[in-house]
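Engineer: So I've got this file, protein22.cif, and it contains mmCIF, C-alpha atoms:
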```cif
data_start
loop_
_atom_site.label_atom_id
_atom_site.label_comp_id
_atom_site.auth_asym_id
_atom_site.auth_seq_id
_atom_site.Cartn_x
_atom_site.Cartn_y
_atom_site.Cartn_z
CA MET A 1 -15.10 18.11 -21.17
CA GLN A 2 -11.37 18.67 -20.75
CA ARG A 3 -11.97 21.99 -19.03
CA LEU A 4 -14.45 20.31 -16.67
CA VAL A 5 -11.98 17.58 -15.70
CA LYS A 6 -9.21 20.14 -15.23
CA THR A 7 -11.46 22.15 -12.93
CA LEU A 8 -12.46 19.02 -11.02
CA VAL A 9 -8.83 18.03 -10.44
CA LEU A 10 -7.94 21.54 -9.24
CA VAL A 11 -10.99 21.76 -6.98
CA SER A 12 -10.28 18.35 -5.42
CA ILE A 13 -6.65 19.32 -4.71
CA ILE A 14 -7.77 22.57 -3.04
CA LEU A 15 -10.49 20.75 -1.09
CA GLY A 16 -7.96 18.15 0.02
CA PHE A 17 -5.60 20.80 1.31
CA SER A 18 -8.33 22.60 3.21
CA LEU A 19 -9.57 19.29 4.62
CA ILE A 20 -6.14 18.44 5.94
CA LEU A 21 -5.79 21.84 7.59
CA THR A 22 -9.20 21.97 9.22
CA ILE A 23 -11.38 19.00 10.01
CA ALA A 24 -9.27 15.94 9.13
CA PRO A 25 -7.85 15.39 12.66
CA GLU A 26 -11.37 15.23 14.06
CA TYR A 27 -13.28 13.14 11.53
CA PHE A 28 -10.91 11.32 9.21
CA ILE A 29 -8.54 9.76 11.72
CA PRO A 30 -9.43 6.20 12.78
CA GLY A 31 -10.48 5.80 16.40
CA GLU A 32 -8.97 3.65 19.12
CA ALA A 33 -11.76 1.05 18.88
CA VAL A 34 -12.75 -1.08 15.91
CA ARG A 35 -16.29 -1.86 14.71
CA PRO A 36 -18.41 -4.49 16.54
CA LEU A 37 -18.28 -6.69 13.42
CA ALA A 38 -14.47 -6.60 13.50
CA VAL A 39 -14.53 -7.52 17.20
CA PHE A 40 -16.70 -10.54 16.33
CA TYR A 41 -14.31 -11.67 13.58
CA LEU A 42 -11.23 -11.12 15.72
CA SER A 43 -12.61 -12.91 18.76
CA THR A 44 -13.92 -15.98 16.86
CA THR A 45 -11.22 -16.53 14.24
CA PHE A 46 -9.18 -18.87 16.48
CA ASN A 47 -11.18 -19.54 19.62
CA PRO A 48 -11.24 -23.18 20.83
CA TRP A 49 -13.72 -22.24 23.58
CA ILE A 50 -16.52 -21.49 21.07
CA PRO A 51 -16.30 -24.62 18.86
CA HIS A 52 -19.48 -23.78 16.89
CA LEU A 53 -18.38 -20.35 15.65
CA THR A 54 -14.62 -20.52 15.23
CA VAL A 55 -12.65 -21.12 12.02
CA ASN A 56 -9.52 -22.41 13.82
CA SER A 57 -7.24 -20.13 11.83
CA PRO A 58 -4.91 -17.59 13.53
CA GLU A 59 -5.00 -15.45 10.34
CA ALA A 60 -8.22 -13.43 10.49
CA VAL A 61 -7.96 -12.17 6.90
CA THR A 62 -7.72 -15.66 5.38
CA ALA A 63 -10.53 -16.78 7.69
CA ILE A 64 -12.77 -14.02 6.31
CA VAL A 65 -11.66 -14.58 2.70
CA TRP A 66 -12.29 -18.34 2.60
CA ASP A 67 -14.76 -18.99 5.41
CA TYR A 68 -16.92 -16.11 6.66
CA ARG A 69 -17.23 -14.56 3.21
CA GLY A 70 -16.18 -17.54 1.11
CA LEU A 71 -18.84 -17.03 -1.55
CA ASP A 72 -17.36 -13.58 -2.35
CA THR A 73 -13.99 -15.17 -2.99
CA LEU A 74 -15.55 -17.91 -5.14
CA PHE A 75 -17.10 -15.31 -7.43
CA GLU A 76 -13.88 -13.29 -7.39
CA THR A 77 -12.09 -16.40 -8.66
CA ALA A 78 -14.82 -16.69 -11.31
CA VAL A 79 -14.18 -13.08 -12.41
CA PHE A 80 -10.45 -13.76 -12.67
CA TYR A 81 -11.17 -16.92 -14.67
CA LEU A 82 -13.56 -15.12 -17.06
CA ALA A 83 -11.15 -12.21 -17.62
CA LEU A 84 -8.43 -14.67 -18.56
CA ILE A 85 -10.81 -16.56 -20.87
CA ALA A 86 -11.67 -13.22 -22.51
CA GLY A 87 -7.94 -12.51 -22.89
CA ILE A 88 -7.31 -15.89 -24.50
CA ALA A 89 -10.27 -15.34 -26.83
CA LEU A 90 -8.90 -11.90 -27.86
CA ALA A 91 -5.49 -13.47 -28.53
CA ARG A 92 -6.92 -16.37 -30.57
CA GLY A 93 -4.99 -15.52 -33.74
CA VAL A 94 -1.66 -15.18 -31.92
CA SER A 95 0.94 -17.78 -32.85
CA ILE A 96 4.71 -18.02 -32.96
CA LYS A 97 5.99 -17.00 -36.39
CA ALA A 98 9.66 -16.37 -35.60
CA GLU A 99 12.40 -19.00 -35.70
CA PRO A 100 14.59 -19.60 -32.65
CA GLY A 101 17.82 -17.84 -33.58
CA ASN A 102 21.31 -18.48 -32.24
CA GLY A 103 22.40 -16.90 -28.98
CA VAL A 104 18.92 -15.90 -27.86
CA GLY A 105 18.47 -14.57 -24.37
CA LEU A 106 20.65 -12.52 -22.07
CA THR A 107 24.24 -13.14 -20.93
CA VAL A 108 25.58 -16.13 -18.99
CA ILE A 109 25.66 -14.07 -15.76
CA VAL A 110 21.93 -13.31 -15.89
CA LYS A 111 21.11 -16.90 -16.85
CA THR A 112 23.12 -18.32 -13.93
CA VAL A 113 21.55 -15.92 -11.44
CA THR A 114 18.12 -16.88 -12.76
CA LYS A 115 18.94 -20.59 -12.34
CA ILE A 116 19.97 -19.97 -8.71
CA THR A 117 17.07 -17.72 -7.72
CA ALA A 118 14.24 -19.52 -9.56
CA PRO A 119 13.93 -22.45 -7.08
CA MET A 120 14.18 -19.98 -4.17
CA VAL A 121 11.34 -17.81 -5.51
CA VAL A 122 9.16 -20.86 -6.15
CA SER A 123 9.73 -22.16 -2.60
CA VAL A 124 9.02 -18.73 -1.09
CA GLY A 125 5.81 -18.55 -3.14
CA ALA A 126 4.77 -22.03 -2.01
CA SER A 127 5.51 -21.05 1.60
CA ILE A 128 3.40 -17.88 1.30
CA GLY A 129 0.56 -19.85 -0.25
CA LEU A 130 0.52 -22.96 1.93
CA HIS A 131 1.01 -21.07 5.22
CA GLY A 132 -1.81 -18.67 4.34
CA HIS A 133 -3.93 -19.85 7.28
CA LEU A 134 -1.09 -19.19 9.77
CA THR A 135 0.86 -16.15 8.54
CA PRO A 136 0.05 -13.18 6.27
CA GLY A 137 -0.39 -14.46 2.74
CA GLY A 138 -2.60 -16.95 0.96
CA GLY A 139 -3.25 -18.70 -2.30
CA PHE A 140 -3.42 -15.64 -4.52
CA GLN A 141 -0.27 -14.02 -3.14
CA GLY A 142 1.70 -17.28 -3.36
CA GLY A 143 0.50 -17.96 -6.90
CA ALA A 144 1.37 -14.44 -8.04
CA THR A 145 4.87 -14.86 -6.56
CA ILE A 146 5.40 -18.18 -8.34
CA ALA A 147 4.17 -16.70 -11.66
CA VAL A 148 7.11 -14.26 -11.60
CA ILE A 149 9.47 -17.11 -12.49
CA PRO A 150 8.04 -17.99 -15.94
CA LEU A 151 8.20 -14.27 -16.81
CA ILE A 152 11.86 -13.98 -15.72
CA ILE A 153 12.76 -17.16 -17.64
CA ILE A 154 11.00 -15.84 -20.77
CA VAL A 155 13.05 -12.63 -20.55
CA THR A 156 16.43 -14.19 -19.74
CA PHE A 157 16.30 -17.42 -21.78
CA SER A 158 13.63 -16.72 -24.50
CA ILE A 159 10.14 -18.06 -25.05
CA PHE A 160 11.41 -21.00 -27.11
CA PHE A 161 13.25 -22.33 -24.05
CA VAL A 162 10.07 -22.19 -21.95
CA ILE A 163 7.92 -23.88 -24.60
CA GLY A 164 10.66 -26.45 -25.27
CA ARG A 165 10.50 -27.44 -21.59
CA GLY A 166 6.79 -28.22 -21.94
CA VAL A 167 5.29 -25.05 -20.41
CA THR A 168 2.74 -24.50 -23.17
CA LYS A 169 -0.54 -22.61 -23.13
CA GLU A 170 -2.60 -25.82 -23.32
CA LYS A 171 -0.82 -27.50 -20.39
CA MET A 172 -1.16 -24.38 -18.23
CA LEU A 173 -4.87 -24.26 -19.09
CA VAL A 174 -5.22 -27.87 -17.88
CA LEU A 175 -3.34 -27.04 -14.64
CA ARG A 176 -5.54 -24.00 -14.12
CA SER A 177 -8.68 -26.08 -14.64
CA ILE A 178 -7.40 -28.62 -12.09
CA GLY A 179 -7.03 -25.78 -9.58
CA LEU A 180 -10.54 -24.46 -10.26
CA VAL A 181 -12.10 -27.94 -10.02
CA GLY A 182 -10.22 -28.38 -6.73
CA ILE A 183 -11.68 -25.12 -5.39
CA GLY A 184 -15.17 -26.29 -6.37
CA LEU A 185 -14.74 -29.71 -4.75
CA THR A 186 -13.35 -28.14 -1.55
CA ALA A 187 -16.39 -25.86 -1.40
CA LEU A 188 -18.64 -28.94 -1.60
CA ALA A 189 -16.52 -31.13 0.73
CA ALA A 190 -18.59 -30.65 3.88
CA LEU A 191 -21.83 -31.18 1.93
CA ILE A 192 -20.52 -34.46 0.47
CA VAL A 193 -19.42 -35.67 3.94
CA GLY A 194 -22.82 -34.66 5.34
CA LEU A 195 -24.70 -36.55 2.62
CA ALA A 196 -22.54 -39.64 3.13
CA LEU A 197 -23.14 -39.62 6.89
CA GLY A 198 -26.82 -38.62 6.59
CA LYS A 199 -26.40 -35.36 8.57
CA THR A 200 -27.23 -31.73 7.86
CA ALA A 201 -24.39 -29.85 6.15
CA TYR A 202 -23.98 -26.78 3.96
CA VAL A 203 -22.07 -25.69 0.91
CA PHE A 204 -18.92 -23.74 1.90
CA GLN A 205 -19.05 -25.15 5.43
CA ASN A 206 -15.74 -25.51 7.22
CA MET A 207 -16.07 -26.11 10.97
CA ALA A 208 -19.13 -27.33 12.86
CA LYS A 209 -22.04 -24.88 13.07
CA PRO A 210 -24.80 -24.68 15.69
CA THR A 211 -27.25 -26.37 13.26
CA SER A 212 -24.79 -28.81 11.72
CA GLU A 213 -22.26 -31.02 13.47
CA VAL A 214 -20.27 -31.93 10.34
CA SER A 215 -16.75 -30.57 10.78
CA LEU A 216 -13.66 -30.88 8.63
CA PRO A 217 -10.46 -31.66 10.57
CA ALA A 218 -8.74 -28.57 11.93
CA TYR A 219 -5.53 -30.48 12.69
CA PHE A 220 -3.77 -32.95 10.41
CA ASN A 221 -1.08 -35.09 12.07
CA GLY A 222 -0.66 -32.53 14.83
CA SER A 223 -0.30 -29.44 12.64
CA LEU A 224 -2.99 -26.84 12.09
CA ILE A 225 -4.58 -26.89 8.59
CA SER A 226 -7.87 -25.12 9.51
CA GLY A 227 -10.17 -27.51 7.61
CA THR A 228 -10.85 -26.26 4.08
CA LEU A 229 -8.58 -23.19 4.23
CA TRP A 230 -5.38 -25.10 3.43
CA PHE A 231 -6.97 -26.81 0.42
CA PHE A 232 -8.50 -23.56 -0.85
CA ASN A 233 -5.08 -21.89 -0.64
CA LEU A 234 -3.36 -24.81 -2.42
CA PHE A 235 -5.80 -24.91 -5.35
CA GLU A 236 -6.01 -21.11 -5.65
CA MET A 237 -2.21 -20.98 -5.76
CA ILE A 238 -2.12 -23.51 -8.63
CA ALA A 239 -4.89 -21.72 -10.54
CA VAL A 240 -3.38 -18.23 -10.17
CA ALA A 241 0.19 -19.31 -11.04
CA ALA A 242 -1.01 -21.17 -14.16
CA GLY A 243 -3.35 -18.33 -15.17
CA PHE A 244 -0.65 -15.66 -15.01
CA THR A 245 1.73 -17.93 -16.92
CA ILE A 246 -0.85 -18.21 -19.74
CA ALA A 247 -1.13 -14.41 -19.90
CA PHE A 248 2.66 -13.92 -19.96
CA LEU A 249 3.10 -16.61 -22.65
CA LEU A 250 0.43 -15.10 -24.92
CA LEU A 251 1.76 -11.55 -24.49
CA THR A 252 5.37 -12.50 -25.29
CA TYR A 253 4.77 -14.64 -28.40
CA PRO A 254 7.06 -13.23 -31.11
CA GLU A 255 4.77 -12.61 -34.05
CA LYS A 256 7.33 -11.21 -36.47
CA LYS A 257 10.32 -12.85 -38.09
CA GLU A 258 13.72 -11.50 -37.06
CA GLY A 259 14.55 -8.25 -38.86
CA GLU A 260 10.95 -7.71 -39.94
CA ASN A 261 9.61 -4.44 -38.60
CA THR A 262 6.35 -3.52 -40.27
CA MET B 1 7.62 18.70 23.60
CA ILE B 2 5.70 17.13 20.73
CA SER B 3 3.56 14.24 21.90
CA ILE B 4 3.29 10.91 20.06
CA ASP B 5 -0.43 11.51 19.71
CA PHE B 6 0.18 14.72 17.76
CA ILE B 7 2.68 13.00 15.43
CA ASN B 8 0.15 10.22 14.88
CA THR B 9 -2.59 12.64 13.97
CA TYR B 10 -0.26 14.62 11.72
CA LEU B 11 1.04 11.54 9.87
CA LEU B 12 -2.45 10.13 9.38
CA SER B 13 -3.59 13.51 8.00
CA VAL B 14 -0.70 13.37 5.55
CA VAL B 15 -1.87 9.90 4.50
CA VAL B 16 -5.43 11.16 3.88
CA PHE B 17 -4.15 14.11 1.87
CA SER B 18 -1.76 11.95 -0.20
CA LEU B 19 -4.64 9.60 -1.00
CA LEU B 20 -6.78 12.49 -2.22
CA LEU B 21 -3.91 13.88 -4.29
CA ASN B 22 -3.22 10.44 -5.74
CA PHE B 23 -6.89 10.13 -6.61
CA ALA B 24 -6.88 13.46 -8.45
CA LEU B 25 -3.64 12.62 -10.29
CA SER B 26 -4.90 9.22 -11.42
CA ILE B 27 -8.15 10.74 -12.75
CA TYR B 28 -6.02 13.30 -14.61
CA GLY B 29 -3.97 10.42 -16.06
CA ILE B 30 -7.00 8.45 -17.19
CA PHE B 31 -8.56 11.46 -18.97
CA TYR B 32 -5.52 13.35 -20.27
CA ARG B 33 -2.71 10.96 -21.16
CA PRO B 34 -3.26 10.11 -24.82
CA HIS B 35 -1.44 6.79 -24.72
CA TYR B 36 -3.40 3.59 -23.94
CA ILE B 37 -0.71 2.09 -21.66
CA LYS B 38 -0.49 5.33 -19.65
CA LYS B 39 -4.25 5.17 -19.19
CA ILE B 40 -3.97 1.60 -17.85
CA ILE B 41 -1.20 2.68 -15.44
CA ALA B 42 -3.36 5.56 -14.19
CA LEU B 43 -6.27 3.13 -13.73
CA THR B 44 -4.13 0.83 -11.56
CA VAL B 45 -2.99 3.84 -9.51
CA LEU B 46 -6.67 4.77 -9.04
CA SER B 47 -7.62 1.27 -7.86
CA ASP B 48 -4.60 1.08 -5.53
CA THR B 49 -5.58 4.44 -4.03
CA ALA B 50 -9.10 3.16 -3.38
CA ASN B 51 -7.66 0.00 -1.79
CA THR B 52 -5.31 1.96 0.44
CA PHE B 53 -8.22 4.12 1.52
CA ALA B 54 -10.22 0.99 2.46
CA ILE B 55 -7.29 -0.29 4.55
CA TYR B 56 -6.94 3.13 6.15
CA ILE B 57 -10.60 3.01 7.23
CA GLY B 58 -9.90 -0.27 9.04
CA TYR B 59 -6.85 1.14 10.83
CA ARG B 60 -6.75 1.71 14.56
CA ARG B 61 -5.22 4.66 16.36
CA TRP B 62 -2.44 4.11 18.92
CA ALA B 63 -4.24 3.61 22.21
CA SER B 64 -3.61 5.02 25.73
CA GLY B 65 -1.72 8.18 24.88
CA GLY B 66 0.33 6.71 22.07
CA ASN B 67 1.96 3.88 23.96
CA THR B 68 0.13 0.84 22.57
CA ASN B 69 0.58 0.30 18.86
CA PRO B 70 -2.03 -1.54 16.74
CA ARG B 71 -1.10 -4.95 15.38
CA PRO B 72 -1.88 -6.90 12.18
CA PRO B 73 -4.89 -9.24 12.47
CA VAL B 74 -2.76 -12.37 12.87
CA ILE B 75 -2.40 -14.29 16.15
CA PRO B 76 1.35 -14.95 16.44
CA THR B 77 0.97 -18.33 18.14
CA THR B 78 -1.03 -21.54 17.65
CA GLU B 79 -1.03 -22.37 21.39
CA ILE B 80 -3.76 -19.98 22.38
CA THR B 81 -4.65 -18.85 25.89
CA PRO B 82 -7.48 -16.50 26.97
CA GLY B 83 -4.86 -13.81 27.69
CA VAL B 84 -3.41 -13.97 24.18
CA LEU B 85 -6.89 -13.81 22.66
CA SER B 86 -8.07 -10.81 24.69
CA GLU B 87 -4.86 -8.89 23.96
CA PHE B 88 -5.27 -9.72 20.25
CA VAL B 89 -8.88 -8.44 20.20
CA ALA B 90 -7.85 -5.29 22.09
CA ARG B 91 -4.94 -4.36 19.81
CA SER B 92 -5.55 -5.77 16.33
CA VAL B 93 -6.76 -3.69 13.36
CA ASP B 94 -10.01 -4.42 11.49
CA PRO B 95 -9.48 -7.49 9.22
CA LEU B 96 -12.60 -7.04 7.07
CA PRO B 97 -11.33 -4.16 4.84
CA GLN B 98 -8.13 -6.10 4.26
CA ALA B 99 -10.09 -9.16 3.10
CA LEU B 100 -12.23 -7.00 0.79
CA VAL B 101 -9.09 -5.32 -0.58
CA LEU B 102 -7.61 -8.74 -1.34
CA THR B 103 -10.69 -9.48 -3.44
CA ALA B 104 -10.49 -6.06 -5.11
CA VAL B 105 -6.79 -6.54 -5.95
CA VAL B 106 -7.49 -9.85 -7.69
CA ILE B 107 -10.37 -8.38 -9.69
CA GLY B 108 -8.24 -5.32 -10.55
CA LEU B 109 -5.49 -7.60 -11.86
CA ALA B 110 -8.03 -9.57 -13.91
CA VAL B 111 -9.34 -6.33 -15.45
CA THR B 112 -5.76 -5.18 -16.15
CA ILE B 113 -4.94 -8.45 -17.93
CA PHE B 114 -8.07 -8.07 -20.05
CA LEU B 115 -7.21 -4.43 -20.90
CA VAL B 116 -3.66 -5.41 -21.87
CA PHE B 117 -4.97 -8.06 -24.26
CA LEU B 118 -7.41 -5.48 -25.63
CA GLY B 119 -4.47 -3.11 -26.18
CA HIS B 120 -2.66 -5.87 -28.03
CA GLN B 121 -5.63 -6.23 -30.39
CA LEU B 122 -5.87 -2.43 -30.76
CA PHE B 123 -2.21 -2.26 -31.77
CA ASN B 124 -2.65 -5.08 -34.27
CA HIS B 125 -5.62 -3.31 -35.78
CA TYR B 126 -4.51 0.36 -35.85
CA LYS B 127 -0.69 -0.05 -35.59
CA THR B 128 -0.67 2.57 -32.82
CA LEU B 129 -1.86 2.96 -29.23
CA ASP B 130 -2.05 6.76 -29.30
CA MET B 131 -5.70 7.62 -28.71
CA ARG B 132 -5.51 10.89 -30.71
CA ARG B 133 -4.32 9.04 -33.81
CA ILE B 134 -6.86 6.23 -33.35
CA LYS B 135 -9.59 8.86 -33.14
CA LYS B 136 -8.42 10.37 -36.44
CA LEU B 137 -8.20 6.96 -38.10
CA LYS B 138 -11.78 6.22 -37.20
CA GLU B 139 -13.18 9.34 -38.84
#
```
Can you turn what I pasted into structure tokens?

Structural biologist:
Amino acid sequence: MQRLVKTLVLVSIILGFSLILTIAPEYFIPGEAVRPLAVFYLSTTFNPWIPHLTVNSPEAVTAIVWDYRGLDTLFETAVFYLALIAGIALARGVSIKAEPGNGVGLTVIVKTVTKITAPMVVSVGASIGLHGHLTPGGGFQGGATIAVIPLIIIVTFSIFFVIGRGVTKEKMLVLRSIGLVGIGLTALAALIVGLALGKTAYVFQNMAKPTSEVSLPAYFNGSLISGTLWFFNLFEMIAVAAGFTIAFLLLTYPEKKEGENT
Amino acid sequence: MISIDFINTYLLSVVVFSLLLNFALSIYGIFYRPHYIKKIIALTVLSDTANTFAIYIGYRRWASGGNTNPRPPVIPTTEITPGVLSEFVARSVDPLPQALVLTAVVIGLAVTIFLVFLGHQLFNHYKTLDMRRIKKLKE
């Protein structure tokens, strides 16, 4: 087995070298044109002249993630949720056994720098998440950025500080559930509006379609929110930030008393 | 005189080769490194390589003799005109691989979180994460 893998690695390196020297410039270099499907996505992502096909979002990637292929992203969120549930189930016996000692955490310099940068990182994360329909970014990226802060505070201050401030596993689980329920409700929003008005509408509908005239507002108070995209990004950001915080909390629980090593 | 087109082709070839090398190295890491954490690191390198390859497939070569560079699939303005839209469609890279990679990154992170928790349980059970020693303990 080991010999086979070793041979495979060697053969793939040699094949890669020969590929680069011979046929790569002809076949493995992208062309000057993109696929017809990409042209469709690019030309309809923010196109006020085709009101029945557009998403009204200048960011084509977010438009694909939450509108054209929204069901994919819903199940991706489900996979993330299930993996975290599996993690919590594996860590079911984990509890804090150590006592908060004196002088826990790093030095005053590190603590002060953390206090200054923490609000900045949170606001940058919120900006990435909530402007996901306008600029590169989105709910997941914003949430992952925000989740850095609990980890830094655990390292610099200690886990007892974080739990003492009310950031417990149970509260984060509630926050995460709120985010997931919000994603579900946003997915059903157009259907609920359609049922209330007695018109045809679909699950995961955002803007008006040729067979359905129900449309969520693309502009709110003069600024572009792209219908459901803003809400999807908001709830995904909450769910991801809370989910990562749960994982970091469970992985950093001190399970041994101070000085105990076995 | 080296043309921009040649440099483009050369650099993109280097990217393809680095991806293949990365792929081989990560497979080596998954199979050969005895430590559980090293295996997880190699797995993330493998998934990142696959993601980079997907993005590379959606890339666009510099057009018209290397003078027009491709752009990210984001319209830089909210006041759109037909001119802005046609220039965007003519120059932007393919957004679909990027959206699929975003999905793959999230699922990869979910799998990594699960594997880390599994490693935590393994360590609690066997008091080691070295696969050679765990194999001996089992027998």

Engineer: Show me, as an NGL selection string, every residue of chain A with an atom at most 7 Å from chain B, counting only C-alpha atoms.

Structural biologist: :A and (9 or 12-13 or 16-17 or 20 or 24-25 or 29-34 or 38-39 or 42-43 or 58-61 or 64-65 or 73 or 76 or 79-80 or 83-84 or 86-87 or 90-91 or 135)

Engineer: Residues within 7 Å of Lys39 (chain B), please, as number ranges by chain. Count only C-alpha atoms; anything in the same chain fewer than 4 positions from it doesn't count.

Structural biologist: B: 29-30, 33, 35, 43

Engineer: Expand the PyMOL selection byres ((chain A and resi 115-127) around 9) into the individual residues it matches in the shown file, reporting them as a list in words.

Structural biologist: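 Selected by the PyMOL selection byres ((chain A and resi 115-127) around 9) here: Val110, Lys111, Thr112, Val113, Thr114, Ile128, Gly129, Leu130, His131, Gly132, Gly137, Gly139, Gln141, Gly142, Gly143, Ala144, Thr145, Ile146, Ala147, Val148, Ile149, Ile152, Ile153, Leu234 and Met237 of chain A.
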
Engineer: Could you jot down the CA of Pro254 (chain A) to CA of Ile154 (chain A) separation for me, Å, one decimal place?

Structural biologist: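 About the pair CA of Pro254 (chain A) and CA of Ile154 (chain A): they are 11.4 Å apart.
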
Engineer: For CA of Phe28 (chain A) and CA of Leu15 (chain A), determine how far apart the two atoms are, in Å to one decimal place.

Structural biologist: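 We find that CA of Phe28 (chain A) and CA of Leu15 (chain A) lie 14.0 Å from each other.
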
Engineer: Specify as a count of residues only each residue included when the PyMOL selection byres ((chain A and resi 162) around 12) is applied to this file.

Structural biologist: 28

Engineer: Would you compute the distance between CA of Ala54 (chain B) and CA of Leu37 (chain A)? Give it in Å to one decimal.

Structural biologist: 15.6 Å
